[in-house]
Amino acid sequence: MEFTLEEMRTHLAALEARISNACKIAGRSRESVKLVWVSKFHPAEAVENAISLGATDFGENRVQEAELKFSAPRMALDGSRVRCHVIGPVQSNKLKKAAIVADCIHSIASIEAVEKLEKVCAALPGENGSGKILDILFQVNAGEEETKSGLDVHEAEAFLNEIESKGAAAYPHLRFRGLMTIGKNTGVAEDSRECFAFLRNLQQKFLANGGLFANFDQLSMGMTGDLEVAIEEGSTMIRVGTALFGERDYSKPVNDPV
Ligand SMILES: *Cc1c(COP(=O)(O)O)cnc(C)c1O
C-alpha cells in the first residue's frame, strides 16, 4: 500500500529531523545536502504527493520508469521544474533515452558511456538549440561488492585521469559533477564510513584539478539506512526511497503510462 499524503508528511518530518541532526553533528548547513526522493516502484500519484510536500528532485533506477513519470515536465512548489536523476546502471542502448529524461545521471562508469553521452547530448535540442548540457556523476563500487555496478575502487583514479587526459574541451555537453556510491549493505551504517570517506578524498582531489573537473563538487552517497554517516563524510546528495515512500513492492513494477 502506498502512503497517504499525511503518512508521507509524517515520514518526511522524521527524515528531516535525521538530516538536520546529522548536519548539526557534522557542522554543516542543511542547505548543503540535497534530498533526492527515490520514487522507483512507486506510482505517479506518490510523486505528486511528494511534490506537494516540497520535493524538487527525484531518483529513478530504470530509464523506462523515469520516462513514464518524468517525460512530461512537472513543476515544484517553488516554481522550478522538477529534476529527474537516473541513479541505476544504464545500458548503452538506453543512454540516449536517459540523456533526454534526466537532468543528472549518477551511474556512469565507462569511457564508452561518456563518449556516447557527449554525442547524444550534442544532438539534442537543449535550451538554445545547441545541444543539451547534462550533469553526470561517476559511480564507484566503493563498497567493493560483487553485485554492485560502478568503477572498481582500484581503477577509479586511473579512470578519472584518463578522462582528464582528453583535455578540458573534450566534452562540451557534459558537466562532470562528482562521484556516487552505494554503501556497504550490511545493515550497519558505520560499515560504510570508510568507503564514503574514500569517495570524498577522490572527489576533492579531482575538484582541485579544475579544468574538466571544475564542477566536480558533488558526492551522491547515503540512503535510508546510512544517510547520517554519509552526511558526516561530506555527502551533498542523499538518495532516499524507503524512509519517504515506504517499502517497495517489487512484484508491482510501475509500467502504466501516466
Ligand atoms: C533504491 C536506491 C536508493 C534508495 O534506497 P532506500 O534504502 O530505499 O533509501 C538509493 N540509491 C540507489 C542507487 C538505489 O537503487
# chains A, B, ... in the order shown; residues from 1 in each chain; ligands from 1

$ residues_near_ligand --ligand "ligand 1" --cutoff "7 Å" --atoms "only C-alpha atoms and all ligand atoms" --output "list of chain:residue names"
A:Val38, A:Lys40, A:Asn61, A:Ile87, A:Gly88, A:Ile182, A:Met223, A:Thr224, A:Gly225, A:Arg239, A:Val240, A:Gly241, A:Thr242, A:Ala243

$ select_by_dssp --residues "region 45-92 of chain A" --states "strand (DSSP E or B)" --output "PyMOL selection string"
chain A and resi 57-60+75+81+83-86

$ atom_distance --atom1 "CA of Ser220 (chain A)" --atom2 "CA of Gly143 (chain A)"
13.9 Å

$ closest_residue --among "A:Thr147, A:Asn215, A:Gln64, A:Ser20" --to "Phe41 (chain A)" --atoms "only C-alpha atoms"
A:Gln64

$ residues_around --residues "Ala197 (chain A)" --least-positions-apart "3" --cutoff "9 Å" --atoms "only C-alpha atoms" --output "list in words"
Ser192, Arg193, Glu194, Arg200, Asn201, Leu202, Ala230, Glu233 and Gly234 of chain A

$ residues_around --residues "Arg30 (chain A)" --least-positions-apart "3" --cutoff "9 Å" --atoms "only C-alpha atoms" --output "list in words"
Ile19, Ser20, Cys23, Lys24, Val33 and Lys34 of chain A

$ closest_residue --among "A:His154, A:Ala99, A:Met1, A:Gly27" --to "His42 (chain A)" --atoms "only C-alpha atoms"
A:Met1

$ select_by_dssp --residues "region 161-249 of chain A" --states "alpha helix (DSSP H)" --output "PyMOL selection string"
chain A and resi 161-165+193-209+227-232+242-245

$ decode --residues "region 19-44 of chain A" --atoms "N, CA, C and O atoms" --output "mmCIF file, in the first residue's frame"
data_model
loop_
_atom_site.group_PDB
_atom_site.id
_atom_site.type_symbol
_atom_site.label_atom_id
_atom_site.label_comp_id
_atom_site.auth_asym_id
_atom_site.auth_seq_id
_atom_site.Cartn_x
_atom_site.Cartn_y
_atom_site.Cartn_z
ATOM 1 N N ILE A 19 18.154 14.266 9.103
ATOM 2 C CA ILE A 19 19.101 15.028 8.271
ATOM 3 C C ILE A 19 19.653 16.222 9.059
ATOM 4 O O ILE A 19 20.862 16.456 9.095
ATOM 5 N N SER A 20 18.742 16.967 9.705
ATOM 6 C CA SER A 20 19.173 18.159 10.454
ATOM 7 C C SER A 20 20.140 17.793 11.557
ATOM 8 O O SER A 20 21.140 18.478 11.791
ATOM 9 N N ASN A 21 19.826 16.703 12.249
ATOM 10 C CA ASN A 21 20.683 16.263 13.343
ATOM 11 C C ASN A 21 22.072 15.891 12.826
ATOM 12 O O ASN A 21 23.090 16.277 13.409
ATOM 13 N N ALA A 22 22.103 15.166 11.712
ATOM 14 C CA ALA A 22 23.395 14.769 11.134
ATOM 15 C C ALA A 22 24.171 16.001 10.682
ATOM 16 O O ALA A 22 25.394 16.087 10.868
ATOM 17 N N CYS A 23 23.470 16.966 10.096
ATOM 18 C CA CYS A 23 24.139 18.199 9.650
ATOM 19 C C CYS A 23 24.735 18.935 10.843
ATOM 20 O O CYS A 23 25.855 19.447 10.780
ATOM 21 N N LYS A 24 23.974 18.956 11.938
ATOM 22 C CA LYS A 24 24.437 19.648 13.134
ATOM 23 C C LYS A 24 25.704 18.997 13.666
ATOM 24 O O LYS A 24 26.698 19.674 13.958
ATOM 25 N N ILE A 25 25.668 17.667 13.759
ATOM 26 C CA ILE A 25 26.836 16.933 14.258
ATOM 27 C C ILE A 25 28.055 17.179 13.370
ATOM 28 O O ILE A 25 29.182 17.319 13.843
ATOM 29 N N ALA A 26 27.789 17.257 12.057
ATOM 30 C CA ALA A 26 28.900 17.431 11.113
ATOM 31 C C ALA A 26 29.302 18.900 10.960
ATOM 32 O O ALA A 26 30.246 19.202 10.232
ATOM 33 N N GLY A 27 28.549 19.800 11.612
ATOM 34 C CA GLY A 27 28.843 21.228 11.469
ATOM 35 C C GLY A 27 28.569 21.734 10.072
ATOM 36 O O GLY A 27 29.278 22.594 9.547
ATOM 37 N N ARG A 28 27.541 21.187 9.454
ATOM 38 C CA ARG A 28 27.202 21.587 8.084
ATOM 39 C C ARG A 28 25.810 22.214 8.073
ATOM 40 O O ARG A 28 24.986 21.962 8.939
ATOM 41 N N SER A 29 25.546 23.017 7.021
ATOM 42 C CA SER A 29 24.212 23.603 6.912
ATOM 43 C C SER A 29 23.278 22.596 6.235
ATOM 44 O O SER A 29 23.718 21.769 5.426
ATOM 45 N N ARG A 30 22.002 22.666 6.579
ATOM 46 C CA ARG A 30 21.009 21.790 5.956
ATOM 47 C C ARG A 30 20.997 21.984 4.439
ATOM 48 O O ARG A 30 20.788 21.043 3.676
ATOM 49 N N GLU A 31 21.250 23.224 4.008
ATOM 50 C CA GLU A 31 21.192 23.535 2.569
ATOM 51 C C GLU A 31 22.321 22.858 1.789
ATOM 52 O O GLU A 31 22.262 22.766 0.573
ATOM 53 N N SER A 32 23.340 22.394 2.497
ATOM 54 C CA SER A 32 24.462 21.779 1.780
ATOM 55 C C SER A 32 24.184 20.324 1.391
ATOM 56 O O SER A 32 25.009 19.691 0.732
ATOM 57 N N VAL A 33 23.024 19.803 1.807
ATOM 58 C CA VAL A 33 22.660 18.417 1.470
ATOM 59 C C VAL A 33 21.344 18.403 0.704
ATOM 60 O O VAL A 33 20.309 18.813 1.236
ATOM 61 N N LYS A 34 21.397 17.958 -0.545
ATOM 62 C CA LYS A 34 20.161 17.889 -1.333
ATOM 63 C C LYS A 34 19.479 16.543 -1.104
ATOM 64 O O LYS A 34 20.124 15.497 -1.095
ATOM 65 N N LEU A 35 18.176 16.591 -0.913
ATOM 66 C CA LEU A 35 17.401 15.361 -0.753
ATOM 67 C C LEU A 35 16.837 14.937 -2.113
ATOM 68 O O LEU A 35 16.056 15.666 -2.724
ATOM 69 N N VAL A 36 17.274 13.762 -2.574
ATOM 70 C CA VAL A 36 16.732 13.190 -3.810
ATOM 71 C C VAL A 36 15.733 12.100 -3.406
ATOM 72 O O VAL A 36 16.099 11.132 -2.730
ATOM 73 N N TRP A 37 14.482 12.293 -3.785
ATOM 74 C CA TRP A 37 13.420 11.352 -3.429
ATOM 75 C C TRP A 37 13.442 10.182 -4.421
ATOM 76 O O TRP A 37 13.162 10.394 -5.613
ATOM 77 N N VAL A 38 13.783 8.991 -3.940
ATOM 78 C CA VAL A 38 13.894 7.845 -4.848
ATOM 79 C C VAL A 38 12.519 7.186 -5.000
ATOM 80 O O VAL A 38 12.046 6.465 -4.126
ATOM 81 N N SER A 39 11.901 7.470 -6.144
ATOM 82 C CA SER A 39 10.493 7.089 -6.353
ATOM 83 C C SER A 39 10.317 5.786 -7.120
ATOM 84 O O SER A 39 9.207 5.427 -7.492
ATOM 85 N N LYS A 40 11.421 5.067 -7.338
ATOM 86 C CA LYS A 40 11.310 3.804 -8.089
ATOM 87 C C LYS A 40 10.300 2.863 -7.437
ATOM 88 O O LYS A 40 10.231 2.786 -6.207
ATOM 89 N N PHE A 41 9.537 2.202 -8.282
ATOM 90 C CA PHE A 41 8.484 1.270 -7.849
ATOM 91 C C PHE A 41 7.296 1.953 -7.164
ATOM 92 O O PHE A 41 6.430 1.295 -6.622
ATOM 93 N N HIS A 42 7.291 3.288 -7.171
ATOM 94 C CA HIS A 42 6.124 3.996 -6.641
ATOM 95 C C HIS A 42 5.453 4.744 -7.785
ATOM 96 O O HIS A 42 6.123 5.248 -8.687
ATOM 97 N N PRO A 43 4.126 4.825 -7.753
ATOM 98 C CA PRO A 43 3.391 5.386 -8.887
ATOM 99 C C PRO A 43 3.455 6.917 -8.963
ATOM 100 O O PRO A 43 3.929 7.577 -8.035
ATOM 101 N N ALA A 44 2.971 7.431 -10.066
ATOM 102 C CA ALA A 44 2.976 8.878 -10.307
ATOM 103 C C ALA A 44 2.248 9.640 -9.197
ATOM 104 O O ALA A 44 2.649 10.752 -8.847
#
